[in-house]
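Content type CSV, C-alpha atoms and all ligand atoms, from the file run.csv:
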chain,number,residue,atom,x,y,z
G,1,MET,CA,-0.7,35.9,0.9
G,2,ILE,CA,1.3,33.0,-0.3
G,3,ASN,CA,1.2,32.3,-4.1
G,4,TRP,CA,0.7,28.5,-3.7
G,5,ALA,CA,1.0,27.8,-7.4
G,6,ALA,CA,4.6,29.1,-7.3
G,7,VAL,CA,5.7,27.0,-4.4
G,8,PRO,CA,8.0,24.2,-5.6
G,9,LYS,CA,6.4,20.7,-5.3
G,10,THR,CA,7.0,17.0,-5.8
G,11,GLU,CA,4.3,14.6,-6.8
G,12,LEU,CA,4.7,10.9,-6.3
G,13,HIS,CA,1.2,9.7,-7.2
G,14,LEU,CA,-0.3,10.7,-10.5
G,15,HIS,CA,-2.0,8.4,-13.0
G,16,ILE,CA,-1.2,9.5,-16.5
G,17,GLU,CA,-4.6,8.5,-17.9
G,18,GLY,CA,-6.4,9.9,-14.8
G,19,ALA,CA,-4.6,13.2,-15.3
G,20,ALA,CA,-5.9,13.6,-18.9
G,21,PRO,CA,-7.8,16.9,-19.2
G,22,PRO,CA,-11.4,16.2,-20.4
G,23,ASP,CA,-10.8,18.5,-23.3
G,24,PHE,CA,-7.8,16.4,-24.4
G,25,ILE,CA,-9.9,13.2,-24.3
G,26,ARG,CA,-12.8,14.9,-26.2
G,27,MET,CA,-10.3,16.1,-28.9
G,28,LEU,CA,-9.0,12.5,-29.3
G,29,ALA,CA,-12.5,11.2,-29.5
G,30,ALA,CA,-13.4,13.7,-32.2
G,31,GLU,CA,-10.2,12.8,-34.2
G,32,LYS,CA,-11.0,9.1,-34.0
G,33,ASN,CA,-14.8,9.5,-34.5
G,34,VAL,CA,-15.6,7.8,-31.1
G,35,ASP,CA,-18.8,8.8,-29.3
G,36,LEU,CA,-17.7,9.4,-25.7
G,37,SER,CA,-20.6,11.8,-24.9
G,38,LYS,CA,-21.9,9.5,-22.1
G,39,ILE,CA,-18.8,10.0,-20.0
G,40,PHE,CA,-19.0,13.8,-19.8
G,41,ASN,CA,-21.4,16.0,-17.8
G,42,ASP,CA,-22.9,19.0,-19.4
G,43,ASP,CA,-20.2,21.2,-17.9
G,44,GLY,CA,-17.6,19.1,-19.6
G,45,SER,CA,-16.3,17.2,-16.5
G,46,TYR,CA,-16.1,13.4,-16.2
G,47,VAL,CA,-19.2,11.5,-15.2
G,48,TRP,CA,-19.0,9.3,-12.1
G,49,LYS,CA,-20.8,8.9,-8.8
G,50,ASP,CA,-18.7,6.3,-6.8
G,51,PHE,CA,-15.4,4.5,-7.0
G,52,ALA,CA,-16.7,1.7,-9.3
G,53,GLU,CA,-18.2,4.1,-11.7
G,54,PHE,CA,-15.0,6.3,-11.6
G,55,LEU,CA,-13.0,3.2,-12.8
G,56,GLN,CA,-15.6,2.6,-15.6
G,57,THR,CA,-15.4,6.1,-16.9
G,58,TYR,CA,-11.6,6.0,-16.6
G,59,GLU,CA,-11.4,2.9,-18.8
G,60,ALA,CA,-13.9,4.4,-21.3
G,61,ALA,CA,-11.7,7.5,-21.6
G,62,CYS,CA,-8.7,5.3,-22.1
G,63,SER,CA,-10.4,3.8,-25.2
G,64,VAL,CA,-9.4,6.8,-27.3
G,65,LEU,CA,-5.7,6.7,-26.2
G,66,GLN,CA,-4.8,4.3,-29.0
G,67,THR,CA,-1.3,5.0,-30.3
G,68,PRO,CA,2.2,5.8,-28.8
G,69,ASP,CA,1.8,9.3,-30.2
G,70,ASP,CA,-1.5,9.8,-28.3
G,71,PHE,CA,0.5,9.0,-25.1
G,72,ARG,CA,3.3,11.3,-26.0
G,73,ARG,CA,0.8,14.1,-26.5
G,74,LEU,CA,-0.9,13.2,-23.2
G,75,THR,CA,2.5,13.1,-21.3
G,76,GLU,CA,3.2,16.7,-22.6
G,77,ALA,CA,-0.3,17.9,-21.8
G,78,VAL,CA,-0.1,16.5,-18.2
G,79,LEU,CA,3.4,18.0,-17.6
G,80,ASP,CA,2.2,21.4,-18.8
G,81,VAL,CA,-0.5,21.3,-16.1
G,82,SER,CA,1.9,19.9,-13.4
G,83,ALA,CA,4.5,22.6,-14.2
G,84,ALA,CA,1.9,25.4,-14.0
G,85,HIS,CA,1.2,24.2,-10.4
G,86,GLY,CA,4.9,24.4,-9.4
G,87,VAL,CA,5.7,20.7,-9.7
G,88,ILE,CA,9.4,20.2,-10.3
G,89,TYR,CA,9.6,16.4,-9.8
G,90,THR,CA,6.7,14.0,-10.7
G,91,GLU,CA,6.2,10.2,-10.8
G,92,MET,CA,3.5,9.1,-13.2
G,93,PHE,CA,1.8,5.8,-13.1
G,94,LEU,CA,1.6,4.2,-16.6
G,95,SER,CA,-0.4,1.1,-17.4
G,96,PRO,CA,1.0,-1.4,-19.9
G,97,ASP,CA,-2.6,-2.8,-20.1
G,98,PHE,CA,-3.7,0.5,-21.8
G,99,CYS,CA,-0.4,0.7,-23.8
G,100,GLY,CA,-0.5,-2.3,-26.2
G,101,GLY,CA,-2.5,-4.7,-24.0
G,102,GLY,CA,0.6,-6.4,-22.4
G,103,ASP,CA,2.5,-7.0,-25.7
G,104,LEU,CA,6.2,-6.4,-25.1
G,105,GLU,CA,7.0,-4.9,-28.5
G,106,ALA,CA,4.0,-2.6,-28.4
G,107,TRP,CA,4.8,-1.5,-24.9
G,108,LYS,CA,8.4,-0.6,-25.9
G,109,ASP,CA,7.0,1.8,-28.5
G,110,TYR,CA,4.6,3.4,-26.0
G,111,LEU,CA,7.3,3.7,-23.4
G,112,ALA,CA,9.6,5.3,-25.9
G,113,ALA,CA,6.9,7.8,-26.9
G,114,MET,CA,6.1,8.8,-23.3
G,115,THR,CA,9.9,9.1,-22.7
G,116,VAL,CA,10.0,11.6,-25.5
G,117,GLY,CA,7.0,13.4,-24.0
G,118,ALA,CA,8.8,13.6,-20.6
G,119,GLU,CA,12.0,14.9,-22.2
G,120,ASN,CA,10.1,17.5,-24.1
G,121,GLY,CA,8.4,18.5,-20.8
G,122,LYS,CA,11.8,18.8,-19.1
G,123,ALA,CA,13.1,20.9,-22.0
G,124,LYS,CA,10.1,23.2,-21.8
G,125,HIS,CA,9.5,23.5,-18.0
G,126,GLY,CA,12.6,21.9,-16.3
G,127,ILE,CA,10.3,19.3,-14.7
G,128,GLU,CA,11.9,15.9,-13.9
G,129,THR,CA,9.7,12.8,-14.5
G,130,ARG,CA,10.0,9.1,-13.6
G,131,PHE,CA,7.5,6.4,-14.6
G,132,ILE,CA,5.9,3.7,-12.4
G,133,SER,CA,4.5,0.8,-14.5
G,134,THR,CA,1.3,-0.3,-12.9
G,135,CYS,CA,-0.7,-3.5,-13.0
G,136,ILE,CA,-4.5,-3.2,-12.6
G,137,ARG,CA,-5.8,-5.2,-9.7
G,138,HIS,CA,-9.2,-6.1,-11.1
G,139,PHE,CA,-7.6,-7.3,-14.3
G,140,GLY,CA,-6.3,-10.2,-12.2
G,141,PRO,CA,-2.9,-11.8,-11.2
G,142,GLU,CA,-2.1,-13.3,-14.6
G,143,LYS,CA,-2.2,-10.0,-16.3
G,144,ALA,CA,-0.2,-8.5,-13.4
G,145,VAL,CA,2.5,-11.1,-14.0
G,146,GLN,CA,2.7,-10.2,-17.7
G,147,THR,CA,2.8,-6.5,-16.8
G,148,ALA,CA,5.6,-7.2,-14.4
G,149,LYS,CA,7.5,-9.2,-17.0
G,150,ILE,CA,7.4,-6.6,-19.7
G,151,THR,CA,8.2,-3.9,-17.1
G,152,ALA,CA,11.3,-5.8,-15.9
G,153,LEU,CA,12.4,-6.2,-19.5
G,154,THR,CA,12.2,-2.4,-20.1
G,155,ALA,CA,13.3,-1.2,-16.7
G,156,GLY,CA,15.9,1.7,-16.7
G,157,GLY,CA,15.9,5.2,-18.1
G,158,LEU,CA,12.8,6.9,-16.7
G,159,LEU,CA,11.1,3.7,-15.9
G,160,THR,CA,12.1,3.2,-12.2
G,161,GLY,CA,9.0,1.8,-10.4
G,162,TYR,CA,6.4,-0.8,-10.3
G,163,GLY,CA,3.0,-0.6,-8.7
G,164,MET,CA,-0.7,-1.7,-8.5
G,165,GLY,CA,-3.9,0.4,-8.9
G,166,GLY,CA,-7.5,-0.6,-9.6
G,167,GLU,CA,-10.3,-2.1,-7.5
G,168,GLU,CA,-8.9,-2.6,-4.0
G,169,ARG,CA,-11.9,-4.9,-3.1
G,170,HIS,CA,-10.8,-7.4,-5.7
G,171,LEU,CA,-8.8,-10.5,-4.4
G,172,HIS,CA,-6.0,-10.1,-1.8
G,173,ALA,CA,-2.6,-8.4,-2.1
G,174,ALA,CA,-0.9,-11.8,-1.7
G,175,ASP,CA,-2.5,-12.9,-5.0
G,176,PHE,CA,-0.1,-10.4,-6.7
G,177,SER,CA,3.1,-11.4,-4.9
G,178,LYS,CA,4.6,-13.1,-8.0
G,179,SER,CA,4.3,-9.9,-10.1
G,180,PHE,CA,5.9,-7.8,-7.4
G,181,GLU,CA,8.7,-10.4,-7.0
G,182,ILE,CA,9.5,-10.1,-10.7
G,183,ALA,CA,9.6,-6.3,-10.5
G,184,ALA,CA,11.8,-6.4,-7.4
G,185,GLU,CA,14.3,-8.6,-9.1
G,186,ALA,CA,14.6,-6.0,-11.9
G,187,GLY,CA,15.6,-3.4,-9.2
G,188,LEU,CA,12.4,-1.4,-9.5
G,189,GLY,CA,11.0,0.7,-6.6
G,190,LEU,CA,7.7,-0.8,-5.3
G,191,THR,CA,4.4,0.8,-4.3
G,192,SER,CA,0.8,-0.3,-4.2
G,193,HIS,CA,-2.6,1.3,-3.6
G,194,ALA,CA,-4.1,0.1,-0.3
G,195,GLY,CA,-6.1,1.6,2.5
G,196,GLU,CA,-8.0,3.9,0.2
G,197,ILE,CA,-11.3,2.0,-0.3
G,198,CYS,CA,-10.5,-0.8,2.1
G,199,GLY,CA,-9.4,-0.5,5.7
G,200,ALA,CA,-6.2,-1.1,7.7
G,201,GLU,CA,-6.2,-4.8,7.0
G,202,SER,CA,-5.6,-4.2,3.3
G,203,VAL,CA,-2.5,-2.0,4.1
G,204,ARG,CA,-1.2,-4.8,6.4
G,205,GLU,CA,-1.7,-7.5,3.7
G,206,THR,CA,0.1,-5.3,1.2
G,207,LEU,CA,3.1,-4.7,3.5
G,208,ASP,CA,3.2,-8.5,4.4
G,209,SER,CA,3.1,-9.7,0.8
G,210,LEU,CA,4.3,-7.2,-1.7
G,211,ASN,CA,7.6,-5.8,-0.2
G,212,VAL,CA,6.7,-2.2,-0.9
G,213,THR,CA,8.5,0.9,0.5
G,214,ARG,CA,5.5,3.1,-0.3
G,215,ILE,CA,1.7,2.8,-0.2
G,216,GLY,CA,-0.7,4.6,-2.5
G,217,HIS,CA,-3.1,6.4,-0.1
G,218,GLY,CA,-2.8,4.2,3.0
G,219,VAL,CA,-4.8,6.8,4.9
G,220,ARG,CA,-7.2,4.2,6.4
G,221,ALA,CA,-4.3,3.0,8.5
G,222,ILE,CA,-5.6,5.6,10.9
G,223,GLU,CA,-8.2,3.0,12.0
G,224,ASP,CA,-5.5,0.8,13.6
G,225,ALA,CA,-3.0,2.0,16.2
G,226,ASP,CA,-0.7,-1.0,15.8
G,227,LEU,CA,-0.5,-0.5,12.0
G,228,ILE,CA,0.3,3.2,12.5
G,229,ALA,CA,3.2,2.1,14.8
G,230,ARG,CA,4.4,-0.3,12.1
G,231,LEU,CA,4.3,2.4,9.4
G,232,VAL,CA,6.4,4.6,11.7
G,233,GLU,CA,8.8,1.8,12.6
G,234,GLU,CA,9.4,0.7,9.0
G,235,GLN,CA,9.2,4.3,7.7
G,236,ILE,CA,6.7,3.3,5.0
G,237,VAL,CA,5.9,6.4,3.0
G,238,LEU,CA,2.2,7.2,2.2
G,239,GLU,CA,1.4,8.8,-1.1
G,240,VAL,CA,-1.6,10.7,0.3
G,241,CYS,CA,-4.1,12.3,-2.1
G,242,PRO,CA,-6.4,14.3,0.2
G,243,GLY,CA,-8.6,15.9,-2.5
G,244,SER,CA,-9.1,12.5,-4.2
G,245,ASN,CA,-10.2,10.9,-0.9
G,246,ILE,CA,-12.7,13.7,-0.3
G,247,ALA,CA,-14.1,13.6,-3.8
G,248,LEU,CA,-14.6,9.8,-3.4
G,249,ASN,CA,-16.2,10.4,0.0
G,250,VAL,CA,-13.6,8.3,1.9
G,251,TYR,CA,-13.8,11.4,4.2
G,252,PRO,CA,-16.7,13.9,4.2
G,253,THR,CA,-14.6,17.1,4.6
G,254,TRP,CA,-11.0,18.3,4.6
G,255,GLY,CA,-11.2,18.7,8.4
G,256,ASP,CA,-12.0,14.9,8.7
G,257,HIS,CA,-9.0,13.9,6.6
G,258,PRO,CA,-6.4,12.0,8.7
G,259,ILE,CA,-3.2,13.3,7.0
G,260,GLU,CA,-2.4,15.6,9.9
G,261,LYS,CA,-2.9,12.9,12.5
G,262,LEU,CA,-0.7,10.5,10.5
G,263,ARG,CA,2.0,13.1,10.2
G,264,LYS,CA,1.9,14.0,13.9
G,265,ALA,CA,2.2,10.2,14.7
G,266,GLY,CA,5.4,10.2,12.7
G,267,VAL,CA,4.2,8.4,9.6
G,268,PRO,CA,6.1,9.8,6.5
G,269,VAL,CA,3.3,11.4,4.4
G,270,THR,CA,3.6,13.1,1.0
G,271,VAL,CA,1.0,15.0,-1.0
G,272,SER,CA,-0.3,14.2,-4.6
G,273,THR,CA,-3.5,14.6,-6.7
G,274,ASP,CA,-4.1,11.0,-8.1
G,275,ASP,CA,-6.4,11.8,-11.0
G,276,PRO,CA,-6.8,15.6,-10.8
G,277,PRO,CA,-9.6,16.4,-13.3
G,278,TYR,CA,-11.7,13.5,-12.1
G,279,PHE,CA,-11.5,14.9,-8.5
G,280,TYR,CA,-11.7,18.6,-9.4
G,281,THR,CA,-8.3,19.3,-8.0
G,282,ASP,CA,-4.7,20.3,-8.7
G,283,MET,CA,-1.4,20.5,-6.6
G,284,THR,CA,-2.0,24.2,-5.9
G,285,ARG,CA,-5.5,23.5,-4.5
G,286,GLU,CA,-4.1,20.6,-2.4
G,287,TYR,CA,-1.5,22.9,-0.8
G,288,ARG,CA,-3.9,25.7,-0.3
G,289,LYS,CA,-6.5,23.4,1.4
G,290,LEU,CA,-3.9,21.9,3.7
G,291,HIS,CA,-2.8,25.4,4.6
G,292,GLU,CA,-6.4,26.5,5.3
G,293,THR,CA,-7.4,23.3,7.1
G,294,PHE,CA,-4.4,22.4,9.2
G,295,GLY,CA,-2.3,25.6,9.1
G,296,TRP,CA,0.6,24.0,7.1
G,297,GLY,CA,3.1,26.7,6.2
G,298,LEU,CA,6.1,26.8,3.8
G,299,ALA,CA,8.4,25.0,6.3
G,300,ASP,CA,5.8,22.1,6.6
G,301,PHE,CA,5.6,21.8,2.8
G,302,GLN,CA,9.5,21.8,2.6
G,303,ALA,CA,9.5,18.9,5.0
G,304,ILE,CA,6.8,17.0,3.1
G,305,ASN,CA,8.8,17.5,-0.1
G,306,ARG,CA,12.0,16.3,1.5
G,307,THR,CA,10.1,13.2,2.6
G,308,ALA,CA,9.0,12.7,-1.0
G,309,MET,CA,12.4,13.2,-2.5
G,310,LYS,CA,13.9,10.7,0.0
G,311,ALA,CA,11.3,8.1,-1.1
G,312,ALA,CA,11.4,9.0,-4.8
G,313,PHE,CA,12.2,6.2,-7.3
G,314,CYS,CA,15.1,8.1,-8.9
G,315,ASP,CA,18.9,8.0,-8.9
G,316,ASP,CA,20.8,9.6,-6.1
G,317,LYS,CA,22.3,12.4,-8.2
G,318,THR,CA,18.8,13.6,-9.2
G,319,ARG,CA,17.6,13.1,-5.6
G,320,GLN,CA,20.4,15.3,-4.2
G,321,ARG,CA,19.9,18.0,-6.9
G,322,LEU,CA,16.2,18.2,-6.2
G,323,MET,CA,16.4,17.8,-2.4
G,324,ALA,CA,18.5,21.0,-2.4
G,325,LYS,CA,15.4,22.9,-3.6
G,326,PHE,CA,13.6,22.0,-0.4
G,327,GLU,CA,16.3,23.0,2.1
G,401,LIG,N1,-6.5,4.2,-10.7
G,401,LIG,C1,-6.6,5.5,-11.0
G,401,LIG,N2,-6.9,6.1,-9.9
G,401,LIG,C2,-7.1,5.2,-8.9
G,401,LIG,C3,-7.4,5.3,-7.5
G,401,LIG,N3,-7.7,6.4,-6.9
G,401,LIG,N4,-7.5,4.1,-6.8
G,401,LIG,C4,-7.2,2.9,-7.4
G,401,LIG,N5,-6.9,2.8,-8.7
G,401,LIG,C5,-6.8,4.0,-9.4
G,402,ZN,ZN,-4.1,6.3,-7.4

Once more with this new file: its structure as structure tokens, please.
Amino acid sequence: MINWAAVPKTELHLHIEGAAPPDFIRMLAAEKNVDLSKIFNDDGSYVWKDFAEFLQTYEAACSVLQTPDDFRRLTEAVLDVSAAHGVIYTEMFLSPDFCGGGDLEAWKDYLAAMTVGAENGKAKHGIETRFISTCIRHFGPEKAVQTAKITALTAGGLLTGYGMGGEERHLHAADFSKSFEIAAEAGLGLTSHAGEICGAESVRETLDSLNVTRIGHGVRAIEDADLIARLVEEQIVLEVCPGSNIALNVYPTWGDHPIEKLRKAGVPVTVSTDDPPYFYTDMTREYRKLHETFGWGLADFQAINRTAMKAAFCDDKTRQRLMAKFE
């Protein structure tokens, strides 16, 4: 029997707010006298029934994350969980919209606080963290440009990437080109959610207009053979979050999930949790389920982690040091 929690792991796709344990959000709500009872089920889990409602609950939970120190504490709480599941390298999506509403000076304070949280996590667990600043698609292109500008002005240190999350059905990827250009000019690694809620065309539009090297999810590329060939040819890395896709009913069961078909076709796939408490998952469960469903063994996970480290938005020294853990 393999102890899956102890297997070393990398995670490239984890939303800091989406990783907030429900108890942590309830604690902040109590401290700030905010009534958030409507976003919790009786068993304490987050309430949602589809993707749109998930985004609403997510934003309601964010309403009690009000200060830089709230985000420092959140960073440490999230890293405690990641480390307990064997994660040694993690990339967290941060959203300047939830950290000072797009104001540069406020964002600097939040970023500094989350950097302290990541340094404390490293001292406590040895876990390495990088940050991907993320615009929110349904907040629109203007806010995205502002997010990209303040990200570009604060790039460096642990802040090494730029991305986009949010409602994929809102507008087109090309509407966000300007913000990705600003981030690219600042030397940031680029990724965007696509092919999660929408189909292959959304992935194609994203590749055509945002210059990304990675796609968040991207799994619905499986619906288009030409697109699969392009992902292989261009070696676009998919940040696949199988448990998230199943919880959101993109696929009905683990056996229906296309990760194995994509991998066999030569698409570089990696494994992450997305928003673990919302989707009742963690990295240990993702590995165990992939083992049970597709027979993946330790050598398969080593290869997946090498793919992730190759695509990681980190410096080469860190990449080499961590890559060695998967050889
Ligand atoms: N923000 C947080 N989780 C997300 C997801 N799964 N898709 C799009 N945006 C998100
Ligand atoms: Zn995501």

Shell of 7 Å around ligand ZN 402 (chain G) (all atoms listed in the file), written as a count of residues only: 8

Shortest interatomic distance to His125 in chain G - which of G:Glu327, G:Glu91, G:Glu142, G:Glu76, counting only C-alpha atoms: G:Glu76

Surroundings of ligand LIG 401 (chain G) up to 8 Å, based on all atoms listed in the file, as a ChimeraX atom specification: /G:15,17-18,51,55,58,136,164-168,193,196-197,244-245,274-275

Since we have the selection now, will you write its residues out, keeping C-alpha atoms, as a PDB file, in the frame of the given file?
ATOM      1  CA  HIS G  15      -2.000   8.400 -13.000  1.00  0.00           C
ATOM      2  CA  GLU G  17      -4.600   8.500 -17.900  1.00  0.00           C
ATOM      3  CA  GLY G  18      -6.400   9.900 -14.800  1.00  0.00           C
ATOM      4  CA  PHE G  51     -15.400   4.500  -7.000  1.00  0.00           C
ATOM      5  CA  LEU G  55     -13.000   3.200 -12.800  1.00  0.00           C
ATOM      6  CA  TYR G  58     -11.600   6.000 -16.600  1.00  0.00           C
ATOM      7  CA  ILE G 136      -4.500  -3.200 -12.600  1.00  0.00           C
ATOM      8  CA  MET G 164      -0.700  -1.700  -8.500  1.00  0.00           C
ATOM      9  CA  GLY G 165      -3.900   0.400  -8.900  1.00  0.00           C
ATOM     10  CA  GLY G 166      -7.500  -0.600  -9.600  1.00  0.00           C
ATOM     11  CA  GLU G 167     -10.300  -2.100  -7.500  1.00  0.00           C
ATOM     12  CA  GLU G 168      -8.900  -2.600  -4.000  1.00  0.00           C
ATOM     13  CA  HIS G 193      -2.600   1.300  -3.600  1.00  0.00           C
ATOM     14  CA  GLU G 196      -8.000   3.900   0.200  1.00  0.00           C
ATOM     15  CA  ILE G 197     -11.300   2.000  -0.300  1.00  0.00           C
ATOM     16  CA  SER G 244      -9.100  12.500  -4.200  1.00  0.00           C
ATOM     17  CA  ASN G 245     -10.200  10.900  -0.900  1.00  0.00           C
ATOM     18  CA  ASP G 274      -4.100  11.000  -8.100  1.00  0.00           C
ATOM     19  CA  ASP G 275      -6.400  11.800 -11.000  1.00  0.00           C
TER      20      ASP G 275
END

CA of Leu79 in chain G to CA of Asp315 in chain G, straight-line distance in Å: 20.4 Å

Shell around Thr284 in chain G at 6 Å using all atoms listed in the file, local window under 3 positions removed, as an MDAnalysis selection string: chainID G and resid 4:5 85 287

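Distances from G:Asp97, G:Ser202, G:Glu31, G:Leu104 to Asp70 in chain G were compared using only C-alpha atoms, and the smallest one belongs to G:Glu31.
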
Proximity to Val271 in chain G - best of G:Gly297, G:Gly101, G:Pro242, G:Gly156, all atoms listed in the file: G:Pro242

Distance query Glu223 in chain G at most 10 Å, only C-alpha atoms, self and fewer than 2 positions along chain excluded, as a ChimeraX atom specification: /G:195,199-201,219-221,225-228,258
